[in-house]
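Novice: Following this message is one structure expressed as structure tokens.
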There are 4 protein chains.
Amino acid sequence: MKAFRLHDYNKPLSIDEVPEPKIDGPYDIIVKIKGAGVCRTDLHIQEGIWKGIVNPKLPFTLGHENVGIIEKKGTAVDWLDVGDQVILHPYITCRHCRACRAGNDMHCPYGKFPGLDGTDGGYAEYLKTSAFSAIKIPKGVDIIPMAPLADAGITAYHAVKKISPYLYPGSLVAIIGVGGLGHIGIQVVKAITPAKVVAIDINEEKAKLAKELNVDEIILAGKDGGISDVLKLTDNVGVDVVIDFVGEYSTPQNALRMVRKGGIYSIVGYGGEFRNPTIDFVNREIMVVGNLVGTYNELSELVNLYVQNKVKLKVQKFPLEDANRALEELKNGKIIGRGVLIP
Amino acid sequence: MKAFRLHDYNKPLSIDEVPEPKIDGPYDIIVKIKGAGVCRTDLHIQEGIWKGIVNPKLPFTLGHENVGIIEKKGTAVDWLDVGDQVILHPYITCRHCRACRAGNDMHCPYGKFPGLDGTDGGYAEYLKTSAFSAIKIPKGVDIIPMAPLADAGITAYHAVKKISPYLYPGSLVAIIGVGGLGHIGIQVVKAITPAKVVAIDINEEKAKLAKELNVDEIILAGKDGGISDVLKLTDNVGVDVVIDFVGEYSTPQNALRMVRKGGIYSIVGYGGEFRNPTIDFVNREIMVVGNLVGTYNELSELVNLYVQNKVKLKVQKFPLEDANRALEELKNGKIIGRGVLIP
Amino acid sequence: MKAFRLHDYNKPLSIDEVPEPKIDGPYDIIVKIKGAGVCRTDLHIQEGIWKGIVNPKLPFTLGHENVGIIEKKGTAVDWLDVGDQVILHPYITCRHCRACRAGNDMHCPYGKFPGLDGTDGGYAEYLKTSAFSAIKIPKGVDIIPMAPLADAGITAYHAVKKISPYLYPGSLVAIIGVGGLGHIGIQVVKAITPAKVVAIDINEEKAKLAKELNVDEIILAGKDGGISDVLKLTDNVGVDVVIDFVGEYSTPQNALRMVRKGGIYSIVGYGGEFRNPTIDFVNREIMVVGNLVGTYNELSELVNLYVQNKVKLKVQKFPLEDANRALEELKNGKIIGRGVLIP
Amino acid sequence: MKAFRLHDYNKPLSIDEVPEPKIDGPYDIIVKIKGAGVCRTDLHIQEGIWKGIVNPKLPFTLGHENVGIIEKKGTAVDWLDVGDQVILHPYITCRHCRACRAGNDMHCPYGKFPGLDGTDGGYAEYLKTSAFSAIKIPKGVDIIPMAPLADAGITAYHAVKKISPYLYPGSLVAIIGVGGLGHIGIQVVKAITPAKVVAIDINEEKAKLAKELNVDEIILAGKDGGISDVLKLTDNVGVDVVIDFVGEYSTPQNALRMVRKGGIYSIVGYGGEFRNPTIDFVNREIMVVGNLVGTYNELSELVNLYVQNKVKLKVQKFPLEDANRALEELKNGKIIGRGVLIP
């Protein structure tokens, strides 16, 4: 079968002819890929940012945001059938560690992450994963545009759900970056919390997208990244929570200045550095939280919102053959919403 | 009456003769000071670190950790009597803002902080504060050694209580710095959570104090601040929570390396800078939390632990006249536990 | 001034001429009543149900759901002005007990409840209460229709907020009784949680009201109180939460049969008895929670939803003179939404 | 092999000769039983109380509180070895439903409960269960006395952990019934919460056991079940939480009268009926919670406390042959602590 694989950092992916994956364990499944989302993390993998962290063995197939149809299944998989259409949680977990037993899937220390850690991902015709990663989608629902839920969506959902206990009617959440994740994050705040949302972006097209999503306020960030507008909007108090879908350049420092005393700075995007004097942590008693994808149940909850039409996805389709072009367009900020590869 | 007041930054306090405070409002109380704790924050105020933050009008009397006896009370104070011995929550709150109405005393935006923000504090014979700041202590209990509970104690208690929902039997908490706050923090972890504690200090005397407090593990920090010993102790996983009572020099960076994936870095001490790439917040999904004193109810809970003898204080008494000497000894790391001025 | 007072149980209220209330303490306010909600609890007070619980001294003025304009204020009230329009939290709290200091207003053991416990309420021209009970409403907002928020609204809001941490996209909440509280409860679930709502009532008019509120499902309860329809709707699993705004007759037993394993039965209405074998509590691990009005901050949050138009009230106005008629109509189930007396 | 099986309700168990269990699925394990706890639930099963609930097919082997050594394992079990000594969580779960994925093991609707629902339990030489139910215990620890942790222990632990977020220094928990579960419950409250404990029993021997466990207060219940003593102890306020390990006779009604306003009544024991007017749920805003065993992680946490010696078990050993005698003695209140059968 065809697969788009990373052979060298900072080079385009190669189209390789590789053997189809095979069932090894009792809970394995082989999924015929119908859609594979194109993610900023794919760019970061190509750039080698993840090299020092997960140290993947090259070459391997990218693609961690997958939907498809079950082609084969292991002997012990009795709750799913060949032919079922599924969305795939991106992580394959051990099922027996404390984190797994707490439903805290992403913190399993024994897991595999297809498309990220050297395990083959979904930029291909077939993908091998665990039946425990699959969520069955009812017949009749078009799964292709759902692909971005599998990583962009779940990550945005997880970040919002984590801060939701702190929100009440009257709270204000700032969303920095209305891209693939941010445009989902806005909708999730509106769908599952009583807070209002102010969206911040430097790009007029993306600000326009935020408007279509009925965000409460939009700030087109200028030189100060939107700080002055946020402070004006909040009588100099700041917002309750900033969710930062950029995490690079000056956004961490800007975000800190937008947060009110006792507020939360939630980091989703990455690439830059965060700095703050310890006295500010103390004097304002702020909290800074990272976010790593989300749990299997969170993906189910998000699928539920999607099916209820409470979260809509902006998707641009590309044939699998155009994977490198899709990555290029993402890099250049030309994709509105999320790109999806179709094998 | 006599009062120790700050006239100039980076200079010793002056002993001034000032008028006794008077009752103005219906909920005011005048407290005859019996003990006033000497705190690292007093040093930081003298150094001018708080200048840019609360901008106090000089001169004013220091001292924010006070116990004493009610001398006079306002007309509406019907639940306390003249002659009652009390410990004083350090903040005077408005009682009607959202934070006050939620019991979140320290986040009242309209409060006054005697001894810190230009309002006269307790390094004097008498102090004016609000009846809502006073917790009555039963006759027969010696209140003088309780003074450090009013700020050092409540801050350590608050920091531990905040992270306690994350702890279970098998959790490990690292306490960096076994000083005035740290030695209370150790005891509070043992008293209100199921976690074990590893205490880290660079000073042998303080490590010895930790031992007397039945800490589970002690690390005498060498060049790497204790990182290698923490990792050895935890099979390279790291601890669940680090509570940093130092917050200066290299401790923020060291603390980050001691925390496990999914763990918490809790900042109490301050003076230094915290830095971290955003990718580490994401990849390890860590949380960083600041701590600002604590609530009135938390001080009551801590008093309860003290009366039960579950939290013991190491106290060194100084006559009020020796306030500058006490501050000097604190600066030089010569006070084991906490200094208390006795007018 | 005129006041409607209870002289004898099971008799209509009398219109008495009584002296206007006066400022006694520094935090007192006198409010000129603009609207006073008519509540099922008023009927229960007349019936003597509360006699054994709060034992009010007769006669006293009913009315615990009040809005109006500040006419006079005590000397220490510096955050509110004469002329401000306000909605009144129904309970006057001590401000210094542990419950008050935790923001848990209703559990203050030293409070007074105008209109319920023998303290004069708002079925009159003027009401004395505490400035700490008042929430200022901006000029330009019509406060009269907001009166029901002060007790019916806050109680429904509190009940929903309490169970909200258990809800996620895919959860289903059953609301039994679409009356004064129920019709608010439905809207609050939709506004602050991701759950769907099924409304259950025996009255077609009220089922129609539920429909106008965009409830997800409506059950017109027949002989079994709606049990079979709920089970059909949920594949025999039951709903995640039942909020029972009736609490009388067979509803407690019916509600128990509608709740799924691990679910919650939340009681707001009262008058009947709840019974269950302990083995059912264990085997299904269910939770049963009572609800007592709500906190001051919760009332603020609800006012915020109202101003955002996320909670709308169905209100029927009556002149104060017709208080007895309004109570009669409530008793006979003739009021759709909530009745409000206008002095 | 030999197995004690229930053939008829209200009759003693039979000693049957049955075939040894065999590995069927990839995650099965066969455990050679070293100890099997004798539980009040075994009596309730014999009495037929569970008949209407789980409707087990007779005959089957009792015993749901098991420790032993892995004798055989399925092909996919790569984290446990033959020869490992293990304690067994009593429930075999599906691993893929929402409850399983949330770590909420007991609410899996597809699970099997050996020794309870007709699946063969541990009153035998060998037991078949899932590898996902096993917790490995380090060599050198004597596992036989740990058997009661597997059900009595985990249930008591779960009940305490569930109410622990509501406890603070100054809280008081009443434990009704110092039997197999109660004597563990007392120790868990002391080990993982800051609350004090008052133990209530009608039996002097059991009150004595409570004393050995350093309970804070002991009440030998007289005619009123201890109500008057609890009220005296708490200045008529009542306790914050009652955990009822009896759940029969008059204890539910007594427990309700011991709970303070805003307090919690937690039900673990069963057999009786609970009744309360809905107005009391509302006026006192109390909460009533059931408890069903506990999660896999909770059992791990409890094992951790046991290994730390913070929870000690009072155990009486019986040879497996004496199963019927052990059940008889339990029925007659003659076992102090917990009985364990040794094959």
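To be explicit about the labels: the chains of the structure tokens are called A, B, and onward in the order shown, and within each one the residues are counted from 1, while ligands get numbers from 1 in the order they are shown.
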How close does chain C get to chain D? List, as CSV, each residue of chain C within 8 Å, its nearest atom pair and the distance in Å to one decimal, counting only C-alpha atoms.

Specialist:
```
residue,atom,partner,partner_atom,distance
C:His107,CA,D:Gly262,CA,7.1
C:Gly247,CA,D:Thr278,CA,6.2
C:Glu248,CA,D:Thr278,CA,7.7
C:Lys261,CA,D:His107,CA,7.4
C:Gly262,CA,D:His107,CA,7.1
C:Ile267,CA,D:Val282,CA,6.9
C:Val268,CA,D:Val282,CA,6.5
C:Gly269,CA,D:Thr278,CA,7.5
C:Tyr270,CA,D:Ile279,CA,4.9
C:Gly271,CA,D:Ile279,CA,6.0
C:Gly272,CA,D:Thr278,CA,5.7
C:Glu273,CA,D:Pro277,CA,4.1
C:Phe274,CA,D:Asn276,CA,5.3
C:Arg275,CA,D:Arg275,CA,4.3
C:Asn276,CA,D:Phe274,CA,5.3
C:Pro277,CA,D:Glu273,CA,4.1
C:Thr278,CA,D:Tyr270,CA,4.9
C:Ile279,CA,D:Tyr270,CA,4.9
C:Phe281,CA,D:Gly290,CA,4.4
C:Val282,CA,D:Gly290,CA,4.7
C:Asn283,CA,D:Leu292,CA,6.2
C:Arg284,CA,D:Leu292,CA,7.4
C:Glu285,CA,D:Gly290,CA,4.6
C:Ile286,CA,D:Gly290,CA,5.6
C:Met287,CA,D:Val289,CA,4.4
C:Val288,CA,D:Val288,CA,5.1
C:Val289,CA,D:Met287,CA,4.4
C:Gly290,CA,D:Phe281,CA,4.4
C:Asn291,CA,D:Val282,CA,5.1
C:Leu292,CA,D:Val282,CA,5.3
```

Novice: Write the residues you've just listed into a file as a PDB file, in the first residue's frame, and include C-alpha atoms for each of them.

Specialist:
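In the end it all went to again02.pdb:
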```
ATOM      1  CA  HIS C 107     -26.277  27.151  56.187  1.00  0.00           C
ATOM      2  CA  GLY C 247     -41.552  16.115  45.959  1.00  0.00           C
ATOM      3  CA  GLU C 248     -45.029  15.026  46.901  1.00  0.00           C
ATOM      4  CA  LYS C 261     -27.368   3.061  38.149  1.00  0.00           C
ATOM      5  CA  GLY C 262     -24.898   5.555  39.591  1.00  0.00           C
ATOM      6  CA  ILE C 267     -35.140  16.912  45.619  1.00  0.00           C
ATOM      7  CA  VAL C 268     -36.436  20.484  45.429  1.00  0.00           C
ATOM      8  CA  GLY C 269     -40.197  20.188  45.921  1.00  0.00           C
ATOM      9  CA  TYR C 270     -41.445  18.810  49.216  1.00  0.00           C
ATOM     10  CA  GLY C 271     -44.478  17.638  51.089  1.00  0.00           C
ATOM     11  CA  GLY C 272     -44.260  13.878  50.534  1.00  0.00           C
ATOM     12  CA  GLU C 273     -42.133  11.037  51.824  1.00  0.00           C
ATOM     13  CA  PHE C 274     -39.114   9.309  50.328  1.00  0.00           C
ATOM     14  CA  ARG C 275     -38.553   5.576  50.936  1.00  0.00           C
ATOM     15  CA  ASN C 276     -35.984   3.151  49.609  1.00  0.00           C
ATOM     16  CA  PRO C 277     -34.456  -0.145  50.764  1.00  0.00           C
ATOM     17  CA  THR C 278     -30.799   0.359  51.722  1.00  0.00           C
ATOM     18  CA  ILE C 279     -29.825  -2.479  49.340  1.00  0.00           C
ATOM     19  CA  PHE C 281     -28.715   2.558  47.562  1.00  0.00           C
ATOM     20  CA  VAL C 282     -25.855   0.044  47.583  1.00  0.00           C
ATOM     21  CA  ASN C 283     -26.594  -2.060  44.522  1.00  0.00           C
ATOM     22  CA  ARG C 284     -27.237   0.898  42.233  1.00  0.00           C
ATOM     23  CA  GLU C 285     -24.928   3.271  44.143  1.00  0.00           C
ATOM     24  CA  ILE C 286     -27.338   6.153  43.772  1.00  0.00           C
ATOM     25  CA  MET C 287     -27.177   9.535  45.484  1.00  0.00           C
ATOM     26  CA  VAL C 288     -30.102  11.535  46.849  1.00  0.00           C
ATOM     27  CA  VAL C 289     -29.577  15.242  47.476  1.00  0.00           C
ATOM     28  CA  GLY C 290     -31.739  17.953  49.008  1.00  0.00           C
ATOM     29  CA  ASN C 291     -31.590  21.591  47.938  1.00  0.00           C
ATOM     30  CA  LEU C 292     -32.128  24.643  50.108  1.00  0.00           C
TER      31      LEU C 292
END
```

Novice: So which residues of range 25-260 of chain B fall under strand (DSSP E or B) by DSSP, listed as a tab-separated table (two decimals) with C-alpha atoms, in the first residue's frame?

Specialist:
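Ended up saving to selection_2.tsv:
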```
chain	number	residue	atom	x	y	z
B	28	ASP	CA	-13.31	47.62	63.96
B	29	ILE	CA	-11.35	46.07	66.79
B	30	ILE	CA	-8.19	47.25	68.57
B	31	VAL	CA	-5.93	44.36	69.52
B	32	LYS	CA	-3.18	44.57	72.13
B	33	ILE	CA	-0.37	42.66	70.43
B	34	LYS	CA	1.04	39.65	72.30
B	35	GLY	CA	3.17	38.28	69.46
B	36	ALA	CA	4.12	39.35	65.95
B	37	GLY	CA	5.87	36.91	63.61
B	38	VAL	CA	8.95	37.89	61.62
B	60	PHE	CA	4.23	52.50	58.03
B	61	THR	CA	4.44	49.82	60.71
B	66	ASN	CA	-0.29	38.82	64.79
B	67	VAL	CA	-1.89	37.45	67.95
B	68	GLY	CA	-3.21	39.45	70.87
B	69	ILE	CA	-6.11	40.45	73.09
B	70	ILE	CA	-9.11	42.52	72.08
B	71	GLU	CA	-8.80	45.89	73.80
B	72	LYS	CA	-11.71	47.76	72.18
B	73	LYS	CA	-14.42	46.88	69.69
B	85	GLN	CA	-7.57	36.34	72.89
B	86	VAL	CA	-7.42	36.14	69.13
B	87	ILE	CA	-5.29	35.23	66.15
B	88	LEU	CA	-5.67	37.62	63.23
B	92	ILE	CA	-9.07	43.06	56.01
B	112	LYS	CA	-6.26	46.20	53.24
B	124	ALA	CA	3.72	47.75	67.76
B	126	TYR	CA	-1.66	47.92	69.40
B	127	LEU	CA	-3.15	47.10	66.02
B	128	LYS	CA	-6.42	48.14	64.44
B	129	THR	CA	-8.11	45.57	62.24
B	130	SER	CA	-11.57	44.18	61.44
B	134	ALA	CA	-10.22	37.67	64.26
B	135	ILE	CA	-10.45	34.03	65.32
B	136	LYS	CA	-11.11	33.57	69.02
B	137	ILE	CA	-8.72	31.24	70.83
B	172	LEU	CA	4.94	11.62	47.12
B	173	VAL	CA	5.24	15.35	47.81
B	174	ALA	CA	8.59	17.15	47.75
B	175	ILE	CA	8.92	20.15	50.04
B	176	ILE	CA	11.77	22.47	49.05
B	196	LYS	CA	4.47	10.75	51.88
B	197	VAL	CA	6.87	13.70	52.07
B	198	VAL	CA	10.47	14.16	50.97
B	199	ALA	CA	12.04	17.31	52.45
B	200	ILE	CA	14.84	19.07	50.57
B	201	ASP	CA	17.13	21.71	52.07
B	217	GLU	CA	12.68	11.11	53.28
B	218	ILE	CA	15.29	13.89	53.61
B	219	ILE	CA	17.55	15.15	50.86
B	220	LEU	CA	20.44	17.45	51.69
B	239	VAL	CA	7.30	13.27	42.49
B	240	ASP	CA	3.59	14.00	42.21
B	241	VAL	CA	3.89	17.49	43.63
B	242	VAL	CA	6.70	19.88	44.49
B	243	ILE	CA	5.85	22.65	46.94
B	244	ASP	CA	8.58	25.26	46.65
B	259	VAL	CA	7.94	16.78	38.95
B	260	ARG	CA	6.52	13.73	37.24
```

Novice: I need the residues in range 80-308 of chain A that are helix (DSSP H, G or I) according to DSSP; give them as an NGL selection string.

Specialist: :A and (98-101 or 105-107 or 131-133 or 144-150 or 152-166 or 182-192 or 204-212 or 227-233 or 251-258 or 278-283 or 296-307)

Novice: At a cut-off of 9 Å, using only C-alpha atoms, what residues contact Pro26 in chain A? Leave out same-chain residues fewer than 6 positions from it and give the result as a list in words.

Specialist: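 Close residues of Pro26 in chain A: Lys73, Gly74, Thr75, Ala76 and Val77 of chain A; Pro26 and Ala76 of chain D.
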
Novice: Those selected residues, please, written with N, CA, C and O atoms and delivered as an mmCIF file, in the first residue's frame.

Specialist:
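And here's out-v6.cif as it stands now:
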```cif
data_model
loop_
_atom_site.group_PDB
_atom_site.id
_atom_site.type_symbol
_atom_site.label_atom_id
_atom_site.label_comp_id
_atom_site.auth_asym_id
_atom_site.auth_seq_id
_atom_site.Cartn_x
_atom_site.Cartn_y
_atom_site.Cartn_z
ATOM 1 N N LYS A 73 -10.029 -7.666 12.522
ATOM 2 C CA LYS A 73 -9.964 -7.469 13.968
ATOM 3 C C LYS A 73 -9.392 -8.696 14.649
ATOM 4 O O LYS A 73 -9.482 -9.822 14.131
ATOM 5 N N GLY A 74 -8.794 -8.474 15.843
ATOM 6 C CA GLY A 74 -8.219 -9.560 16.623
ATOM 7 C C GLY A 74 -9.297 -10.448 17.227
ATOM 8 O O GLY A 74 -10.474 -10.076 17.277
ATOM 9 N N THR A 75 -8.876 -11.595 17.723
ATOM 10 C CA THR A 75 -9.821 -12.625 18.175
ATOM 11 C C THR A 75 -10.653 -12.209 19.382
ATOM 12 O O THR A 75 -11.741 -12.732 19.602
ATOM 13 N N ALA A 76 -10.141 -11.269 20.177
ATOM 14 C CA ALA A 76 -10.857 -10.924 21.414
ATOM 15 C C ALA A 76 -11.756 -9.694 21.278
ATOM 16 O O ALA A 76 -12.393 -9.283 22.236
ATOM 17 N N VAL A 77 -11.821 -9.135 20.096
ATOM 18 C CA VAL A 77 -12.618 -7.913 19.904
ATOM 19 C C VAL A 77 -14.073 -8.300 19.632
ATOM 20 O O VAL A 77 -14.452 -8.597 18.503
ATOM 21 N N PRO D 26 -7.618 -14.533 26.179
ATOM 22 C CA PRO D 26 -6.217 -14.114 26.239
ATOM 23 C C PRO D 26 -5.839 -13.386 27.531
ATOM 24 O O PRO D 26 -4.657 -13.311 27.861
ATOM 25 N N ALA D 76 -2.115 -13.149 26.337
ATOM 26 C CA ALA D 76 -1.858 -11.711 26.203
ATOM 27 C C ALA D 76 -1.452 -11.048 27.515
ATOM 28 O O ALA D 76 -1.230 -9.839 27.556
#
```

Novice: Tell me, in Å to one decimal, how far CA of Glu205 in chain D is from CA of Lys312 in chain D.

Specialist: 17.3 Å
